[in-house]
Structure formats: structure tokens, C-alpha cells
There are 2 protein chains.
Amino acid sequence: MSTASPTSRAPLAGVVVLDLTHVLAGPYCSMTLAELGARVIKIERPEIGDDSREFGPFIDGQSAYFATINRDKESIALDLKDEKDRAVFDRMLARADVVLENYRPGVMERFGYGWEALHQRFPKLIYGAVSGFGHSGPWAAKPSYDMVVQAMGGVMSITGEKNREPVRCGASIGDVVAGMFLSQGVLAALYDRERSGLGRKVDVAMLDGQLAIIEHAVAIVEARGSAPGPEGARHPSIAPFETFHAKDGLIVIAAGNDALFAKACAVLGLDELAQDPRFATNNARVEHVQMLKRRFETVLLEQTTHHWQQQFDRAGVPNGPILDVSQTMSLDQIEARNMVVRLEADEPARAGALEMRVAGNPIKLSDAPDPKTRRAAPALDADRATILAWLDEPD
Amino acid sequence: MSTASPTSRAPLAGVVVLDLTHVLAGPYCSMTLAELGARVIKIERPEIGDDSREFGPFIDGQSAYFATINRDKESIALDLKDEKDRAVFDRMLARADVVLENYRPGVMERFGYGWEALHQRFPKLIYGAVSGFGHSGPWAAKPSYDMVVQAMGGVMSITGEKNREPVRCGASIGDVVAGMFLSQGVLAALYDRERSGLGRKVDVAMLDGQLAIIEHAVAIVEARGSAPGPEGARHPSIAPFETFHAKDGLIVIAAGNDALFAKACAVLGLDELAQDPRFATNNARVEHVQMLKRRFETVLLEQTTHHWQQQFDRAGVPNGPILDVSQTMSLDQIEARNMVVRLEADEPARAGALEMRVAGNPIKLSDAPDPKTRRAAPALDADRATILAWLDEPD
């Protein structure tokens with residue numbers, strides 16, 4: 001899949017993205033577009049730059065967080081209230097395919113760069129916006145961050161243990177999911193533009209994104225008339241689909257249909273369970289999930305997680321250990337998939353930039369490059385000269 | 001944004017997707033493509049159909065889970081080992097833009113419909129595959145479900161409370177995130193095909209997708225040399241960015257920069273904190289986060305969450321309550337954004353299909369329709385007649 005052939009080409013080769021966003025949702029979107037081959041130019045406030053340049057963790061005084069999300073991007077510092085800088089930005093807009101922003105609604109209009117104005121001047125330009133609550137509705141002006149929408153969007157209410165306080169999903173899915181939806185909207189607009197010749201505005205709200213990923217919880221509200229609570233380490237509607245205790249730790253067993261359940265029972269020497277009416281269908285198993293867990297654990301506790309992994313693997317039953325992030329990064333499979341890549345700073349415009357490992361591109365495309373390294377993230381304004389020279393090139 | 005003008009058109013209008021996937025990751029991808037305007041034809045096993053037709057919650061004996069994810073799709077039952085059914089499928093392939101599958105690697109090849117064979121016969125066809133571990137590497141053949149990759153991909157290790165067992169993220173992000181990456185890959189391939197004339201294979205692994213959304217945890221591994229653990233209800237590198245106790249419950253306060261922190265302090269009458277070197281920068285606040293929480297809560301406990309929400313809203317500080325899913329669905333903002341829509345079954349081919357509320361489309365595009373209803377999910381094989389008639393139409 002990932003081998004570069006002589007014809008190998010990234011799908012977004014030639015696409016230029018002007019990225020006015022900061023912190024995570026917007027930069028995550030532009031990171032994905034860069035991974036797909038777009039040229040992403042980060043436009044940052046002079047002197048301060050992206051807020052996340054100040055977010056830990058730090059390596060040698062530099063934000064590893066910023067470095068991770070902003071690899072393979074260029075940086076120029078522009079003050080959109082300054083006439084000279086606006087002239088530069090205008091020239092960039094004339095050459096761009098996509099502009100991304102995550103200001104509060106109305107801010108781009110005050111700069112004179114709102115969607116209506118830009119669409120008039122640059123009809124092919126695609127305008128992608130991500131904000132806490134979107135560009136419409138009574139809360140459009142309210143600011144937000146990841147955790148606010150994890151809380152208000154229902155995700156926290158279904159994450160954690162019963163009878164304890166809700167917890168955050170450890171991944172910043174308030175931001176990341178919104179960035180991914182924005183990316184999809186921009187890609188759909190790019191495709192559409194090939195046929196219509198016109199750009200579109202894409203408006204993604206982080207809150208909307210949270211509701212859109214809890215399809216199952218919404219279905220429970222509709223079926224029961226009341227909201228689901230947290231279920232700890234199990235799926236509320238599939239069984240077995242949870243963590244179990246083995247001799248030396250926890251193992252996840254997930255059997256989503258009757259055939260897999262029968263295989264899991266066979267591994268445990270519990271074939272009689274597959275015939276038991278309490279466990280014969282998924283629906284019945286969900287009703288008797290506490291009993292099922294005990295029956296499984298009375299056997300599982302006799303051997304180690306490693307033993308059971310091998311047994312379940314051999315039988316084709318989905319299972320796995322709970323790994324910490326450095327264990328995940330070290331998996332042979334992750335290595336084989338080129339899912340840990342390295343930032344490189346071996347050029348003058350990246351002098352002193354952080355070199356570190358980051359997650360690779362999860363979208364593996366035939367005949368597209370999938371290199372083992374990425375260009376390190378830029379210092380603020382690191383690419384001004386390159387960008388100005390590009391603007392002087394003939395179209 | 002969402003008003004349909006006379007020129008209103010969905011960006012993927014005219015795109016035909018043949019969807020061989022089941023349960024969640026693949027169907028989530030095709031749901032998104034349908035929301036963007038594609039025609040999605042679900043190809044299901046005769047008699048059994050998609051496994052998730054048997055997953056709860058149920059309404060009147062029908063799976064509300066299946067109904068949610070498979071709205072706006074058509075269904076035909078085909079046995080890809082049967083010669084007659086293969087002939088039908090071949091005719092469908094000749095008219096399709098995208099085929100999606102989530103079999104284990106090698107299964108499509110055994111059917112004679114692997115990527116290489118299809119690319120030869122239908123060079124413009126885009127082939128999207130989602131699987132637990134991807135189509136390459138030593139674990140390619142291993143089966144998986146959401147919870148297995150949440151466990152092995154590191155997400156569970158950073159979700160939950162310190163010193164307690166890890167929990168699952170309540171949203172099925174193992175599946176959903178993979179479906180979203182697949183959607184992005186397919187959209188990028190559609191755009192690319194307009195220029196190259198050729199389809200591509202998109203290969204997404206659920207495990208890869210989990211590593212790709214924990215950018216921050218990967219950065220911590222690189223910075224500290226050890227993996228982060230769970231942090232309960234706070235972000236590990238930003239402060240304040242967590243839940244706080246007020247008089248009658250919990251409130252999330254998220255201040256991602258010094259200016260917002262100063263505003264939050266002003267609301268609480270704690271202006272001196274913004275000058276205190278222990279709290280003057282985000283980095284310092286993270287170091288003294290336990291003290292900061294106590295200082296905030298000594299004031300917050302005096303009043304209700306409602307009181308503080310109003311105060312923080314007025315000051316422009318990101319904040320919010322923890323809502324359950326039915327509360328989220330009832331928010332004015334969610335209504336204003338058309339984020340809860342209704343399935344309708346008012347046509348013969350949907351007779352008896354579930355009518356219920358589901359989450360709307362979080363990708364709001366200018367000049368695209370954003371209706372308040374969706375076509376209900378199909379019974380198994382409900383659209384056979386329509387699909388066969390379509391195949392008889394001139395190209």
C-alpha cells in the first residue's frame with residue numbers, strides 16, 4: 001500500500017491551504033490535509049503566534065504539543081489589521097484553494113475577510129470554519145474548548161464508572177472530531193468544486209460533532225425515553241464486550257455475534273453457555289451480563305492475560321490487552337503500518353526545531369507516498385521568505 | 001447556512017457508493033457520505049443481513065442502533081458466492097464510484113473482488129477498506145471490535161480516574177474515528193480522481209486511528225520518556241481545564257490562555273491569583289493545579305452552577321455543565337443547528353420502518369440542503385426492485 005511508485009502522488013498535491021486556526025480543532029484538520037499532500041501555510045499573530053506554542057509537554061523549552069500538530073506546515077506572522085500585512089494576505093488568498101479559521105463568528109467579517117466578502121472576490125476559494133457552537137444559533141458567540149463540549153455534548157455523561165463522577169475521554173475528541181468533520185467538509189467541497197467551479201463555506205461546531213459521534217446513546221434515549229449513564233469498561237448493548245480479570249491483569253474480549261460467542265465459550269471450556277437461553281442471543285446476554293462476566297472470570301482468573309490472548313487469537317475471537325501509549329507505539333503492527341514517524345529539522349528554515357516521534361498518517365492510500373519522516377513544525381514566521389518568493393512567482 | 005436555495009445541491013450528488021460493510025466503522029463512513037449527498041446501496045448477506053440488526057436498543061422489536069446508522073441508505077441482499085447475485089453485483093460495480101468493505105483482509109480476494117482485480121476491471125472505482133488492524137503487517141488477519149482497539153490503541157490507558165481500572169470512552173471512538181478517516185480517504189480519492197481519472201484503494205485500520213487521535217499523549221511519551229495515565233476529568237497540560245464543584249453540582253471551566261485565566265479570576269473575585277507566580281503562566285498553573293482547584297472551589301462552592309455559568313458566560317470564559325444525552329438533544333443551540341432530525345418511513349419501500357430521532361449532519365455546507373428529516377433505514381433487501389430497475393436504465 002504505502003510503497004511509493006514512480007507515479008506515486010499525494011491526492012491533494014497542488015492544493016494550497018491558508019490556516020488561520022490555532023490550538024487543536026483547526027490545526028488537526030490542516031494536519032490531515034497536509035498528510036494528504038496539501039501545502040499548509042499557517043498564518044499566526046505577530047510575536048505571540050498560536051496559543052499552543054505555550055502548551056506542554058515541553059522538550060528543551062519547546063512545546064512538543066505544538067510540534068506534533070503543526071508538522072509539515074509553513075509559518076508566516078501577519079497582523080490582519082495592518083495594511084501591509086493585509087496586502088500580503090490578499091495575494092495569498094488569490095493563490096489559495098482553502099482558508100481555515102477558528103475565530104468566534106463575526107471576527108473574520110470585522111477583518112473584512114468574512115465568507116460573503118471572500119466568496120465575492122475569490123469564487124473558487126473554500127472557506128472552512130470550526131468553532132465551539134457554530135456560526136448560527138443563540139450560542140454562536142460563546143467561546144469553547146474541548147472539555148466544555150465533551151461535557152455539554154453528552155460524551156462525559158456516558159464515560160466513567162457508575163455512581164462516580166464523570167470523566168473526560170483522555171483523547172481530546174471535542175477538538176479532534178470537529179477537526180475531522182471540518183476536513184471531510186473541505187474535501188467534499190474540493191471534489192464538488194471540480195464540477196461546479198465554485199467554493200463553499202463549511203461550518204463545523206464542536207458541540208454538534210460530539211452529538212454526532214454518540215449514535216448509540218441517542219438511540220437509547222429514543223428507545224427508553226431516558227438518557228444512558230456511564231458503563232465503565234463495557235458496551236451497553238453488546239455482550240460480551242468488556243474488560244475481564246485474568247490472573248495477572250485485564251483483558252478485553254469483544255464478541256459481537258453468536259458465532260464469536262460460541263468460539264469464546266469453546267476457548268474457556270464453557271460450551272454449555274452457548275446453549276443456555278440466558279446467553280443464546282446478544283440481547284439475552286446483555287440482560288444477563290453480570291452473570292456472564294462471573295462465568296467467564298471464574299475460568300479466566302486461572303491463567304494469565306498472555307495465555308488467554310494466544311488462545312482467543314487462535315480461535316479468532318477479538319481480544320486484546322490494555323496498553324499504555326508507549327506500549328502501543330512499540331507494537332510490531334504499528335511499526336509495520338508506519339504509524340510512528342519522526343520529525344526532521346535538517347534544513348535552515350527549521351534550525352533548532354524539535355525532532356521527535358509523532359503518530360503517522362492513518363489514511364493509507366494506494367500509490368501515495370507514506371514517508372517515515374515529516375518536516376518539523378516551524379518557528380513563528382520561519383517561512384516568510386519562502387512564502388514571499390512564492391507570491392512573486394508567475395501564476 | 002442550511003437554507004436550501006434554488007441552486008442548492010449536495011456536494012456528493014450523483015456519487016454511487018456500494019457498501020458491503022456492517023456494524024459501525026464502515027456504516028458510519030457511508031452514513032457520512034450519504035449525508036453529503038451520495039447514493040449509498042447497502043449490500044447485505046441474504047437472510048441475516050448486517051449483524052447490527054440484532055443489536056439493541058430495540059423499539060417495537062427493531063434495532064434502533066441499526067436504524068440510526070443506516071438511514072438514507074438502500075438495501076439489497078446478495079450472496080457474493082452465488083453466480084446470479086455476482087452478475088447483479090458486477091453490473092452495480094460498473095455504475096459505482098466507491099465500494100466499501102470491512103471484511104478481514106483476503107476475503108474480498110477470495111470472492112474475486114479484491115482491489116487489484118477491481119482496479120483492473122473498473123479503473124475509476126475507489127475502494128475503501130476498514131479493518132481492525134489494516135491490510136498489511138503481522139496482525140492483518142486478526143479480528144477486532146471497537147473496544148479491542150480502544151484498549152490496544154492507548155485510549156483506555158488515559159481515560160478514567162487515577163488508581164482505578166481504565167474505562168472505555170462512552171462513544172465508540174474505535175469504530176467512529178476509523179469510519180471518519182475512511183471517509184476522508186474516500187473524499188480525497190474522489191477529488192484526486194477528477195484530475196487523474198483513476199480510483200485508489202483506501203486502507204484504514206481501527207488501531208491506527210486510535211493512535212492518530214491521542215497526539216497529546218504521544219507528545220508526553222516523547223517529552224517524559226514514559227506514558228501518561230488517566231487524569232479523570234482534567235486535561236493533563238492545560239489549567240484550568242477541568243470540572244469544579246459548585247454548590248449543587250459540577251461545572252467545567254476551561255481557560256486555555258492567560259487572558260482567559262485573568263477573566264476567570266476576576267469573575268471569582270480572585271484577581272490576585274493572576275499575579276501570583278504559581279499561576280501566572282499555563283505551565284505554572286499545570287504545576288500547581290491541585291492548589292488552583294482548591295482556590296477556585298472555595299469560591300465556586302458558595303453558589304450554584306447556574307449562577308456561575310451566567311457569570312462566566314458574561315465574562316467570555318469557556319464553561320459549561322455536564323449534560324446527559326437527552327439534555328444535549330434538547331438544547332436550543334442543537335435545535336437551531338438542526339442537529340436532531342427525524343427518520344420518516346412514509347413510502348411503500350419503508351413500510352413499518354422505525355421512525356425516531358437521530359443526530360443530524362455536523363458538516364454544515366453553504367448552498368447544500370440540510371433537511372429536518374431523513375429516509376428511514378431499510379428492511380433487508382427492501383430496495384431490490386428499485387436497484388434492479390436502475391441497472392436496466394441506460395447509462
# chains A, B, ... in the order shown; residues from 1 in each chain; ligands from 1
$ residues_around --residues "Arg45 (chain A)" --least-positions-apart "2" --cutoff "10 Å" --atoms "only C-alpha atoms" --output "list in words"
Leu20, Lys42, Ile43, Glu47, Ile48, Gly49, Asp50, Asp51, Ile76, Ala77, Leu78, Asp79, Leu80, Leu380 and Asp381 of chain A
$ select_by_dssp --residues "region 95-185 of chain B" --states "strand (DSSP E or B)" --output "number ranges by chain"
B: 98-101, 126-131
$ write_last_selection --atoms "C-alpha atoms" --output "PDB file, in the first residue's frame"
ATOM      1  CA  VAL B  98     -16.971   3.778  -4.499  1.00  0.00           C
ATOM      2  CA  VAL B  99     -17.063   0.306  -2.961  1.00  0.00           C
ATOM      3  CA  LEU B 100     -16.639  -0.059   0.811  1.00  0.00           C
ATOM      4  CA  GLU B 101     -15.846  -3.254   2.701  1.00  0.00           C
ATOM      5  CA  ILE B 126     -12.476   3.844  -5.440  1.00  0.00           C
ATOM      6  CA  TYR B 127     -12.016   1.000  -2.962  1.00  0.00           C
ATOM      7  CA  GLY B 128     -12.378   1.786   0.739  1.00  0.00           C
ATOM      8  CA  ALA B 129     -11.493  -0.817   3.368  1.00  0.00           C
ATOM      9  CA  VAL B 130     -11.671  -0.561   7.137  1.00  0.00           C
ATOM     10  CA  SER B 131     -10.471  -3.339   9.404  1.00  0.00           C
TER      11      SER B 131
END
$ residues_around --residues "Gly179 (chain B)" --least-positions-apart "6" --cutoff "7 Å" --atoms "only C-alpha atoms" --output "ChimeraX atom specification"
/B:25-26,28-29
$ residues_around --residues "His216 (chain A)" --least-positions-apart "4" --cutoff "12 Å" --atoms "only C-alpha atoms" --output "JSON, numbers by chain"
{"A": [154, 155, 158, 211, 212, 220, 221, 222, 223, 227, 228, 235, 236, 237, 238], "B": [23, 24, 28, 52, 55, 56, 57, 58, 63, 64, 65, 66, 67, 68, 69, 170, 171, 172, 173, 175, 176, 325, 357, 358, 359]}
$ select_by_dssp --residues "region 100-280 of chain A" --states "helix (DSSP H, G or I)" --output "ChimeraX atom specification"
/A:107-111,115-121,146-152,156-158,173-196,206-212,215-224,258-267,271-275
$ residues_around --residues "region 248-251 of chain A" --least-positions-apart "3" --cutoff "9 Å" --atoms "only C-alpha atoms" --output "compact mmCIF listing (two decimals) with N, CA and C atoms, in the first residue's frame"
# COMPACT_ATOMS: atom_id res chain seq x y z
N GLU A 242 -16.28 -6.23 26.89
CA GLU A 242 -15.82 -5.50 28.07
C GLU A 242 -14.47 -6.05 28.55
N THR A 243 -13.97 -5.47 29.63
CA THR A 243 -12.74 -5.99 30.25
C THR A 243 -13.09 -7.09 31.23
N PHE A 244 -12.21 -8.08 31.29
CA PHE A 244 -12.35 -9.19 32.24
C PHE A 244 -11.04 -9.33 33.01
N HIS A 245 -11.16 -9.82 34.24
CA HIS A 245 -9.97 -10.07 35.05
C HIS A 245 -9.39 -11.45 34.73
N LEU A 301 -9.58 -16.25 35.46
CA LEU A 301 -8.69 -15.98 36.59
C LEU A 301 -7.65 -17.08 36.80
N GLN A 303 -5.66 -18.30 34.52
CA GLN A 303 -4.47 -18.17 33.66
C GLN A 303 -4.16 -16.70 33.40
N THR A 304 -2.99 -16.47 32.80
CA THR A 304 -2.56 -15.08 32.56
C THR A 304 -3.24 -14.48 31.32
N THR A 305 -3.20 -13.16 31.22
CA THR A 305 -3.73 -12.49 30.03
C THR A 305 -3.00 -12.99 28.78
N HIS A 306 -1.68 -13.19 28.90
CA HIS A 306 -0.90 -13.64 27.75
C HIS A 306 -1.42 -15.00 27.24
N TRP A 308 -4.42 -16.26 27.62
CA TRP A 308 -5.75 -16.13 27.01
C TRP A 308 -5.70 -15.42 25.66
N GLN A 309 -4.81 -14.43 25.57
CA GLN A 309 -4.66 -13.76 24.25
C GLN A 309 -4.33 -14.77 23.18
N ASN A 319 -9.90 -9.84 20.83
CA ASN A 319 -9.47 -9.66 22.22
C ASN A 319 -8.20 -8.86 22.25
N GLY A 320 -7.85 -8.34 23.40
CA GLY A 320 -6.57 -7.64 23.50
C GLY A 320 -6.33 -7.11 24.89
N PRO A 321 -5.06 -6.78 25.17
CA PRO A 321 -4.70 -6.20 26.46
C PRO A 321 -4.93 -4.68 26.44
N ILE A 322 -4.94 -4.11 27.62
CA ILE A 322 -4.99 -2.65 27.72
C ILE A 322 -3.55 -2.14 27.76
N ALA B 151 -8.61 -0.36 23.75
CA ALA B 151 -7.68 -0.91 24.75
C ALA B 151 -6.25 -0.94 24.23
N GLU B 165 -9.50 1.17 37.70
CA GLU B 165 -9.38 0.49 36.41
C GLU B 165 -9.74 1.43 35.27
$ atom_distance --atom1 "CA of Leu270 (chain A)" --atom2 "CA of Glu287 (chain A)"
18.8 Å
$ residues_around --residues "Ala34 (chain B)" --least-positions-apart "3" --cutoff "9 Å" --atoms "only C-alpha atoms" --output "list in words"
Leu12, Val17, Cys29, Ser30, Met31, Gly37, Ala38, Arg39, Val40, Arg71, Asp72 and Lys73 of chain B
$ write_last_selection --atoms "N, CA and C atoms" --output "compact mmCIF listing (two decimals), in the first residue's frame"
# COMPACT_ATOMS: atom_id res chain seq x y z
N LEU B 12 -21.87 15.68 -2.88
CA LEU B 12 -21.65 14.36 -3.47
C LEU B 12 -22.84 13.89 -4.32
N VAL B 17 -22.26 4.79 -3.98
CA VAL B 17 -21.41 4.02 -3.06
C VAL B 17 -22.03 2.64 -2.86
N CYS B 29 -18.97 5.52 8.05
CA CYS B 29 -18.39 6.18 6.88
C CYS B 29 -19.45 6.41 5.81
N SER B 30 -20.20 5.36 5.47
CA SER B 30 -21.18 5.52 4.38
C SER B 30 -22.33 6.43 4.80
N MET B 31 -22.64 6.46 6.09
CA MET B 31 -23.66 7.41 6.58
C MET B 31 -23.20 8.85 6.30
N GLY B 37 -24.61 13.65 0.36
CA GLY B 37 -25.38 13.59 -0.89
C GLY B 37 -25.17 12.35 -1.74
N ALA B 38 -24.29 11.43 -1.31
CA ALA B 38 -24.05 10.23 -2.12
C ALA B 38 -25.25 9.28 -2.03
N ARG B 39 -25.46 8.47 -3.06
CA ARG B 39 -26.42 7.37 -3.01
C ARG B 39 -25.69 6.16 -2.46
N VAL B 40 -26.13 5.65 -1.32
CA VAL B 40 -25.46 4.52 -0.68
C VAL B 40 -26.35 3.27 -0.78
N ARG B 71 -29.79 5.09 8.13
CA ARG B 71 -30.77 5.97 7.50
C ARG B 71 -30.24 6.41 6.14
N ASP B 72 -31.17 6.68 5.24
CA ASP B 72 -30.83 7.26 3.94
C ASP B 72 -29.98 6.31 3.08
N LYS B 73 -30.07 5.01 3.40
CA LYS B 73 -29.37 4.02 2.56
C LYS B 73 -30.41 3.09 1.94
$ closest_residue --among "A:Pro138, A:Arg195, A:Ala385, A:Val149" --to "Cys169 (chain A)" --atoms "only C-alpha atoms"
A:Val149
$ closest_residue --among "A:Met356, A:Val218, A:Val286, A:Ala376" --to "Val340 (chain B)" --atoms "only C-alpha atoms"
A:Val218
$ closest_residue --among "B:Leu268, B:Leu260, B:Val299, B:Ala389" --to "chain A" --atoms "only C-alpha atoms"
B:Leu260
$ residues_around --residues "Ala351 (chain B)" --least-positions-apart "5" --cutoff "9 Å" --atoms "only C-alpha atoms" --output "list in words"
Ala345, Asp346 and Ala379 of chain B
$ write_last_selection --atoms "N, CA and C atoms" --output "tab-separated table (two decimals), in the first residue's frame"
chain	number	residue	atom	x	y	z
B	345	ALA	N	-40.77	7.21	7.42
B	345	ALA	CA	-41.00	5.95	6.69
B	345	ALA	C	-42.27	6.03	5.86
B	346	ASP	N	-42.52	7.17	5.23
B	346	ASP	CA	-43.80	7.39	4.54
B	346	ASP	C	-43.75	7.00	3.06
B	379	ALA	N	-35.48	-2.21	5.56
B	379	ALA	CA	-35.51	-3.63	5.90
B	379	ALA	C	-34.54	-4.35	4.95
$ atom_distance --atom1 "CA of Phe312 (chain B)" --atom2 "CA of Met206 (chain A)"
19.1 Å
$ atom_distance --atom1 "CA of Met108 (chain A)" --atom2 "CA of Ser196 (chain A)"
25.3 Å
$ closest_residue --among "A:Leu273, A:Leu365, A:Ala382, A:Leu207" --to "chain B" --atoms "only C-alpha atoms"
A:Leu365
$ closest_residue --among "A:Ala205, A:Ala353, A:Ala13, A:Ala264" --to "Ala368 (chain A)" --atoms "only C-alpha atoms"
A:Ala13
$ closest_residue --among "A:Lys201, A:Arg384, A:His22, A:Lys124" --to "chain B" --atoms "only C-alpha atoms"
A:Lys201
